[in-house]
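> Quick one, final.cif (mmCIF, C-alpha atoms and all ligand atoms):
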```cif
data_target
loop_
_atom_site.label_atom_id
_atom_site.label_comp_id
_atom_site.auth_asym_id
_atom_site.auth_seq_id
_atom_site.Cartn_x
_atom_site.Cartn_y
_atom_site.Cartn_z
CA MET V 1 -17.41 180.05 173.39
CA ASN V 2 -14.02 181.00 174.81
CA ILE V 3 -11.20 182.54 172.79
CA ALA V 4 -7.77 182.80 174.42
CA ILE V 5 -5.18 185.26 173.18
CA ASP V 6 -1.76 185.05 174.79
CA GLY V 7 1.54 186.67 173.95
CA PRO V 8 4.33 188.93 175.14
CA ALA V 9 4.05 192.58 176.24
CA GLY V 10 3.10 195.03 173.52
CA ALA V 11 2.11 192.43 170.90
CA GLY V 12 -1.21 194.23 170.43
CA LYS V 13 -3.31 191.69 172.34
CA SER V 14 -5.67 194.18 173.94
CA THR V 15 -6.26 196.19 170.75
CA ILE V 16 -6.97 193.03 168.78
CA ALA V 17 -9.01 191.33 171.52
CA ARG V 18 -11.18 194.42 171.89
CA ILE V 19 -12.01 194.53 168.17
CA VAL V 20 -12.53 190.77 167.85
CA SER V 21 -14.84 190.65 170.88
CA ALA V 22 -16.90 193.58 169.53
CA ARG V 23 -17.25 191.88 166.14
CA LEU V 24 -18.35 188.61 167.74
CA GLY V 25 -20.56 190.22 170.41
CA TYR V 26 -18.51 188.61 173.20
CA ILE V 27 -17.10 190.30 176.26
CA TYR V 28 -13.43 191.20 176.36
CA VAL V 29 -11.56 190.13 179.49
CA ASP V 30 -8.22 191.87 179.97
CA THR V 31 -6.47 189.73 182.60
CA GLY V 32 -3.34 191.92 182.58
CA ALA V 33 -5.48 194.70 184.05
CA MET V 34 -6.27 192.44 187.03
CA PHE V 35 -2.54 191.90 187.76
CA ARG V 36 -2.04 195.64 187.26
CA ALA V 37 -4.77 196.31 189.86
CA VAL V 38 -2.88 194.16 192.39
CA ALA V 39 0.34 196.06 191.58
CA TYR V 40 -1.44 199.40 191.90
CA ASN V 41 -2.89 198.35 195.24
CA CYS V 42 0.64 197.55 196.49
CA THR V 43 2.02 200.93 195.45
CA GLN V 44 -0.94 202.70 197.08
CA ASN V 45 -0.19 200.84 200.31
CA GLY V 46 3.58 201.47 200.14
CA ILE V 47 4.37 197.76 199.73
CA ASP V 48 7.64 196.82 198.05
CA ALA V 49 7.42 194.52 194.98
CA ARG V 50 9.70 191.99 196.72
CA ASP V 51 7.59 191.72 199.88
CA THR V 52 5.85 188.48 198.89
CA GLU V 53 4.22 187.97 202.28
CA ARG V 54 2.49 191.35 202.45
CA ILE V 55 1.50 191.24 198.78
CA SER V 56 -0.05 187.78 199.27
CA SER V 57 -2.05 188.96 202.24
CA LEU V 58 -3.16 192.13 200.46
CA ALA V 59 -4.17 190.15 197.34
CA SER V 60 -6.29 187.72 199.35
CA SER V 61 -8.08 190.44 201.29
CA ALA V 62 -8.59 192.89 198.40
CA ASP V 63 -11.82 192.75 196.46
CA ILE V 64 -10.93 192.93 192.76
CA SER V 65 -13.87 192.77 190.41
CA ILE V 66 -14.70 193.49 186.80
CA ARG V 67 -17.73 195.40 185.61
CA TYR V 68 -18.77 196.38 182.12
CA VAL V 69 -19.86 199.84 181.08
CA GLY V 70 -21.30 199.10 177.66
CA ASP V 71 -18.66 196.70 176.39
CA VAL V 72 -15.77 198.42 178.14
CA GLN V 73 -14.13 196.55 181.01
CA ARG V 74 -13.66 198.55 184.19
CA VAL V 75 -11.55 197.19 187.05
CA PHE V 76 -12.72 197.80 190.60
CA LEU V 77 -10.52 197.58 193.64
CA ASN V 78 -12.47 197.53 196.89
CA ASP V 79 -15.39 199.20 195.08
CA ALA V 80 -13.32 202.03 193.57
CA ASP V 81 -12.89 202.18 189.78
CA VAL V 82 -9.08 202.11 189.31
CA THR V 83 -9.07 201.45 185.54
CA ASP V 84 -7.55 204.81 184.66
CA HIS V 85 -4.54 204.24 186.94
CA LEU V 86 -3.44 200.96 185.41
CA ARG V 87 -1.84 201.74 182.04
CA ASP V 88 1.49 203.28 183.19
CA GLU V 89 4.66 201.42 182.23
CA ALA V 90 5.69 201.32 185.91
CA VAL V 91 2.42 199.61 186.91
CA GLY V 92 2.88 197.08 184.05
CA ASN V 93 6.41 196.25 185.14
CA MET V 94 5.33 195.82 188.76
CA ALA V 95 2.38 193.68 187.62
CA SER V 96 4.89 191.32 186.02
CA VAL V 97 6.71 191.04 189.37
CA VAL V 98 3.61 190.43 191.53
CA ALA V 99 2.33 187.93 188.91
CA GLN V 100 5.06 185.53 190.06
CA ILE V 101 3.38 185.15 193.48
CA PRO V 102 1.20 182.00 193.82
CA VAL V 103 -1.55 183.59 195.96
CA VAL V 104 -1.95 186.48 193.51
CA ARG V 105 -2.36 184.07 190.60
CA SER V 106 -4.83 181.81 192.39
CA VAL V 107 -7.09 184.69 193.50
CA LEU V 108 -7.25 186.03 189.93
CA LEU V 109 -7.59 182.58 188.37
CA ASP V 110 -10.93 182.07 190.12
CA LEU V 111 -12.22 185.41 188.84
CA GLN V 112 -11.02 184.70 185.27
CA ARG V 113 -12.57 181.23 185.12
CA LYS V 114 -15.86 182.50 186.52
CA LEU V 115 -16.11 185.17 183.80
CA ALA V 116 -15.38 182.58 181.09
CA ARG V 117 -17.90 180.11 182.53
CA GLU V 118 -20.69 182.68 182.54
CA ASN V 119 -20.01 184.49 179.25
CA ASP V 120 -18.74 184.13 175.70
CA VAL V 121 -15.32 185.72 176.09
CA VAL V 122 -12.23 186.84 174.31
CA MET V 123 -9.66 186.73 177.12
CA ASP V 124 -6.09 187.95 176.74
CA GLY V 125 -3.07 187.41 178.96
CA ARG V 126 -0.03 185.17 179.30
CA ASP V 127 -1.37 181.81 180.50
CA ILE V 128 -4.95 181.75 179.22
CA GLY V 129 -4.49 178.94 176.70
CA THR V 130 -2.08 176.94 178.85
CA CYS V 131 -3.62 177.30 182.28
CA VAL V 132 -6.74 179.45 182.75
CA LEU V 133 -8.86 178.04 179.89
CA PRO V 134 -7.18 174.84 178.67
CA ASP V 135 -10.42 173.89 176.87
CA ALA V 136 -10.89 177.19 175.01
CA GLU V 137 -12.39 176.60 171.56
CA LEU V 138 -9.73 178.82 170.00
CA LYS V 139 -6.25 179.69 171.23
CA VAL V 140 -4.06 182.28 169.57
CA TYR V 141 -0.46 183.11 170.42
CA LEU V 142 0.01 186.66 169.22
CA THR V 143 3.55 187.92 168.98
CA ALA V 144 5.81 190.39 167.18
CA SER V 145 9.54 191.15 167.31
CA SER V 146 10.71 193.15 170.34
CA ALA V 147 11.84 195.99 168.04
CA VAL V 148 8.36 196.27 166.48
CA ARG V 149 6.66 196.07 169.88
CA ALA V 150 8.94 198.78 171.29
CA LYS V 151 8.24 201.02 168.28
CA ARG V 152 4.46 200.63 168.78
CA ARG V 153 4.74 201.56 172.49
CA TYR V 154 6.99 204.46 171.57
CA ASP V 155 4.46 205.78 169.02
CA GLU V 156 1.64 205.46 171.58
CA LEU V 157 3.57 207.48 174.18
CA VAL V 158 4.59 210.14 171.64
CA ALA V 159 0.94 210.46 170.60
CA LYS V 160 0.14 211.14 174.27
CA GLY V 161 2.64 214.01 174.26
CA GLU V 162 5.42 212.16 176.10
CA ASN V 163 9.08 212.08 175.14
CA PRO V 164 10.17 208.45 175.62
CA ASP V 165 13.49 206.74 174.91
CA ILE V 166 12.89 203.79 172.57
CA THR V 167 15.96 201.86 173.78
CA VAL V 168 14.65 201.99 177.37
CA ILE V 169 11.22 200.81 176.18
CA GLU V 170 12.72 197.84 174.31
CA LYS V 171 14.96 196.93 177.26
CA ASP V 172 11.93 196.98 179.64
CA ILE V 173 9.90 194.85 177.20
CA ILE V 174 12.66 192.23 176.93
CA GLU V 175 13.12 192.16 180.71
CA ARG V 176 9.37 191.77 181.27
CA ASP V 177 9.12 188.95 178.70
CA GLU V 178 11.99 187.10 180.36
CA ARG V 179 10.34 187.33 183.76
CA ASP V 180 6.94 186.29 182.36
CA MET V 181 8.44 183.37 180.38
CA ASN V 182 10.70 182.04 183.11
CA ARG V 183 8.58 182.22 186.24
CA GLU V 184 7.70 178.99 187.99
CA ILE V 185 3.92 179.20 187.86
CA ALA V 186 1.99 179.57 184.61
CA PRO V 187 4.82 181.04 182.54
CA LEU V 188 4.11 182.67 179.19
CA LYS V 189 4.37 180.08 176.45
CA GLN V 190 2.48 179.04 173.37
CA ALA V 191 -0.03 176.26 174.12
CA ASP V 192 0.51 173.14 171.98
CA ASP V 193 -2.85 173.71 170.29
CA ALA V 194 -2.54 177.50 169.87
CA VAL V 195 -2.28 179.14 166.45
CA LEU V 196 0.79 181.35 166.12
CA VAL V 197 0.12 184.80 164.68
CA ASP V 198 3.18 187.02 164.19
CA SER V 199 1.89 190.55 163.73
CA SER V 200 5.29 192.17 163.05
CA TYR V 201 4.36 192.89 159.44
CA MET V 202 0.56 192.76 159.67
CA THR V 203 -1.94 195.59 160.04
CA ILE V 204 -4.56 195.59 162.79
CA ASP V 205 -7.23 194.73 160.20
CA GLU V 206 -5.21 191.79 158.89
CA VAL V 207 -4.71 190.38 162.39
CA THR V 208 -8.37 190.78 163.38
CA ASP V 209 -9.58 189.25 160.09
CA ARG V 210 -7.28 186.29 160.64
CA ILE V 211 -8.59 185.70 164.16
CA ILE V 212 -12.22 186.12 163.09
CA SER V 213 -11.64 183.54 160.39
CA LEU V 214 -10.06 181.16 162.93
CA ALA V 215 -13.03 181.79 165.27
CA ARG V 216 -15.45 180.93 162.47
CA ASP V 217 -13.56 177.67 161.85
CA ALA V 218 -13.78 176.97 165.59
CA GLY V 219 -17.58 177.35 165.55
CA ALA V 220 -18.25 181.02 166.26
CA LYS V 221 -21.25 182.46 164.44
CA VAL V 222 -20.01 185.44 162.44
O1 LIG Y 1 -0.88 192.34 179.46
P1 LIG Y 1 -0.36 193.36 180.49
O2 LIG Y 1 0.83 194.14 180.01
O3 LIG Y 1 -1.43 194.26 180.98
O4 LIG Y 1 0.12 192.48 181.74
C1 LIG Y 1 0.84 193.02 182.83
C2 LIG Y 1 1.59 191.90 183.53
O5 LIG Y 1 0.68 191.04 184.20
C3 LIG Y 1 2.40 190.98 182.63
O6 LIG Y 1 3.72 191.46 182.38
C4 LIG Y 1 2.43 189.68 183.38
C5 LIG Y 1 1.14 189.69 184.18
N1 LIG Y 1 0.12 188.82 183.59
C6 LIG Y 1 0.18 187.48 183.88
O7 LIG Y 1 1.11 187.05 184.55
N2 LIG Y 1 -0.79 186.64 183.43
C7 LIG Y 1 -1.79 187.08 182.68
N3 LIG Y 1 -2.73 186.22 182.27
C8 LIG Y 1 -1.86 188.46 182.34
C9 LIG Y 1 -0.87 189.30 182.79
#
```
Could I get this structure in the form of structure tokens?


Amino acid sequence: MNIAIDGPAGAGKSTIARIVSARLGYIYVDTGAMFRAVAYNCTQNGIDARDTERISSLASSADISIRYVGDVQRVFLNDADVTDHLRDEAVGNMASVVAQIPVVRSVLLDLQRKLARENDVVMDGRDIGTCVLPDAELKVYLTASSAVRAKRRYDELVAKGENPDITVIEKDIIERDERDMNREIAPLKQADDAVLVDSSYMTIDEVTDRIISLARDAGAKV
């Protein structure tokens, strides 16, 4: 059973996917973390986000893999666990830039499809329903207004003791969405057969219950 959850930055995909996968006993595959690992690798090697040639060659030679500690996904880059370096806003923004590069997408596509072939998965990203898993039993397009998404990010950063500017967060989110929606390969869009869930005015419990109910309708045993 494969469940695809796509949507724009900050829509709550990873929070929701993590809870849904735990309730179903599936593994959670966070594909954004894979693109973030490529971006992180570039910054570690001093490669500029616009240097397509060097990024392509680095992406094809790097060994990016996913391992599970309990049900928590850890991302390994050349055998080092880089998971804790991937959540910064700067890494996310750079991930959106390197995600436009064909070689980067094709390397990660193989890894994503292999995980879905071998496991029951809840996989989140931008192109899972449209491109990575076109035959997924359930596809959800999870979104929320940019103002709500910016407020959630803002609250997260404040809770971590940071002092962010909400207008900058919303501007970055809108910019990232535009890049993800307008790139040539595998742009972010709702698959024709995906169910739209707008979480702007829903609680986490309401969203997870809705997806669990859709999963049940799609044949999941819950
Ligand atoms: O979901 P996230 O914020 O961790 O994703 C970071 C970036 O990675 C996102 O802005 C675009 C890219 N990405 C992608 O192109 N395709 C995916 N399936 C997942 C992420």

> Rank nothing, just name the residue among V:Asp48, V:Asp192, V:Glu175, V:Glu137 nearest to ligand LIG 1 (chain Y), using only C-alpha atoms and all ligand atoms.

V:Glu175

> How would you write as a ChimeraX atom specification the residues that get within 12 Å of (-6.7, 193.4, 171.5) in the file's frame, counting only C-alpha atoms?

/V:3-7,9-23,27-32,122-125,140,142-143,199,204-205,207-208,211

> Counting all atoms listed in the file, what are the residues, protein, DNA or RNA alike, that approach ligand LIG 1 (chain Y) to within 9 Å? I want them as JSON, numbers by chain.

{"V": [6, 7, 8, 9, 10, 13, 14, 30, 31, 32, 33, 34, 35, 36, 39, 86, 87, 89, 91, 92, 93, 94, 95, 96, 97, 98, 99, 100, 105, 108, 109, 112, 123, 124, 125, 126, 127, 128, 131, 132, 173, 176, 177, 179, 180, 185, 186, 187, 188]}

> Hey, which of V:Ser146, V:Gln190, V:Thr52, V:Asn41 ends up closest to V:Lys171? Count only C-alpha atoms.

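That would be V:Ser146, the residue with the smallest distance to V:Lys171.
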
> Might you pull out every residue within 10 Å of V:Thr83, with all atoms listed in the file counted and same-chain residues fewer than 6 positions away left off, and present them as a list in words?

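My list of contacting residues is Ala33, Met34, Arg36, Ala37, Ile66, Gln73, Arg74, Val75, Phe76 and Leu77 of chain V.
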
> May I ask for the distance between atom CA of V:Ser65 and atom CA of V:Arg113, given in Å to one decimal place?

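Going from atom CA of V:Ser65 over to atom CA of V:Arg113 covers 12.8 Å.
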
> Please identify all polymer residues within 12 Å of V:Ser61, counting all atoms listed in the file, omitting same-chain residues fewer than 3 positions from it, and present them as a ChimeraX atom specification.

/V:38,41,54-58,64,77-78,103-104,107

> Please measure the separation of atom CA of V:Asn2 and atom CA of V:Leu133, giving the value in Å to one decimal.

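Between atom CA of V:Asn2 and atom CA of V:Leu133 the gap is 7.8 Å.
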
> May I ask which of the residues V:Ala59, V:Ile47, V:Met181, V:Ile166 is the closest one to V:Tyr154, counting only C-alpha atoms?

V:Ile166

> Between atom CA of V:Leu115 and atom CA of V:Ala80, what is the distance, to one decimal in Å?

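So the answer is 19.7 Å.
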
> Considering all atoms listed in the file, can you say which of V:Asp81, V:Asp88, V:Asp120, V:Glu206 comes closest to V:Gly25?

V:Asp120

> Go through V:Asp51, V:Asp172, V:Asp198, V:Glu162 and flag the residue nearest V:Ile101, using all atoms listed in the file for the distances.

V:Asp51

> Determine, counting only C-alpha atoms, which protein, DNA and RNA residues have an atom within 10 Å of an atom of V:Ala147; residues of the same chain fewer than 3 positions away are not included. Present the result as number ranges by chain.

V: 144, 150-152, 166-167, 169-171, 173-174, 200

> Ranking V:Val158, V:Leu24, V:Ala218, V:Lys189 by minimum distance to V:Gly129 and counting all atoms listed in the file, which one comes first?

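Using all atoms listed in the file, V:Gly129 sits closest to V:Lys189.
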
> Kindly list the centre and edge lengths in Å, rounded to one decimal, for the axis-aligned box that covers all listed atoms of stretch 64-80 of chain V plus 3 Å on each of its six sides, as lines of an AutoDock Vina configuration file.


```
center_x = -15.9
center_y = 197.4
center_z = 186.6
size_x = 16.8
size_y = 15.3
size_z = 26.5
```

> Would it be fine to have stretch 53-120 of chain V, with C-alpha atoms, given as a compact mmCIF listing (two decimals), in the first residue's frame?


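Once everything was written out, this is part.txt:
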```txt
# COMPACT_ATOMS: atom_id res chain seq x y z
CA GLU V 53 27.31 20.81 -13.63
CA ARG V 54 29.12 20.33 -10.33
CA ILE V 55 25.89 19.64 -8.45
CA SER V 56 24.93 16.97 -11.01
CA SER V 57 28.28 15.28 -10.69
CA LEU V 58 28.21 15.45 -6.89
CA ALA V 59 24.64 14.06 -6.80
CA SER V 60 25.54 11.09 -9.00
CA SER V 61 28.64 10.20 -7.01
CA ALA V 62 27.20 10.77 -3.51
CA ASP V 63 25.70 7.84 -1.67
CA ILE V 64 22.41 9.01 -0.17
CA SER V 65 20.50 6.38 1.74
CA ILE V 66 17.68 6.11 4.23
CA ARG V 67 17.74 4.02 7.37
CA TYR V 68 15.16 3.63 10.08
CA VAL V 69 15.87 3.87 13.79
CA GLY V 70 12.62 2.52 15.19
CA ASP V 71 10.18 4.27 12.88
CA VAL V 72 12.25 7.44 12.55
CA GLN V 73 13.82 8.12 9.17
CA ARG V 74 17.50 9.01 9.24
CA VAL V 75 19.26 10.30 6.12
CA PHE V 76 22.80 9.15 5.44
CA LEU V 77 25.21 10.91 3.15
CA ASN V 78 28.26 8.82 2.31
CA ASP V 79 27.65 6.79 5.49
CA ALA V 80 27.38 9.81 7.82
CA ASP V 81 24.03 10.55 9.49
CA VAL V 82 23.24 14.13 8.35
CA THR V 83 19.58 14.20 9.49
CA ASP V 84 20.16 16.83 12.16
CA HIS V 85 21.66 19.29 9.65
CA LEU V 86 18.74 19.31 7.25
CA ARG V 87 15.94 21.34 8.87
CA ASP V 88 17.35 24.89 8.50
CA GLU V 89 15.38 27.30 6.32
CA ALA V 90 18.53 27.96 4.25
CA VAL V 91 18.95 24.24 3.48
CA GLY V 92 15.24 24.02 2.52
CA ASN V 93 15.52 26.96 0.15
CA MET V 94 18.65 25.54 -1.46
CA ALA V 95 16.95 22.13 -1.73
CA SER V 96 14.25 23.79 -3.81
CA VAL V 97 16.94 25.16 -6.16
CA VAL V 98 18.88 21.87 -6.59
CA ALA V 99 15.56 20.02 -7.05
CA GLN V 100 15.26 21.68 -10.48
CA ILE V 101 18.29 19.72 -11.75
CA PRO V 102 17.40 16.58 -13.78
CA VAL V 103 20.26 14.38 -12.49
CA VAL V 104 19.39 15.18 -8.88
CA ARG V 105 15.76 14.19 -9.43
CA SER V 106 16.58 10.97 -11.27
CA VAL V 107 19.06 9.75 -8.62
CA LEU V 108 16.49 10.32 -5.86
CA LEU V 109 13.59 8.94 -7.91
CA ASP V 110 15.23 5.51 -7.98
CA LEU V 111 15.68 5.53 -4.21
CA GLN V 112 12.08 6.69 -3.61
CA ARG V 113 10.55 4.06 -5.89
CA LYS V 114 12.65 1.30 -4.36
CA LEU V 115 11.43 2.18 -0.85
CA ALA V 116 7.81 2.19 -2.03
CA ARG V 117 8.22 -1.12 -3.87
CA GLU V 118 9.62 -2.87 -0.81
CA ASN V 119 7.43 -1.37 1.94
CA ASP V 120 4.00 -0.03 2.80
```
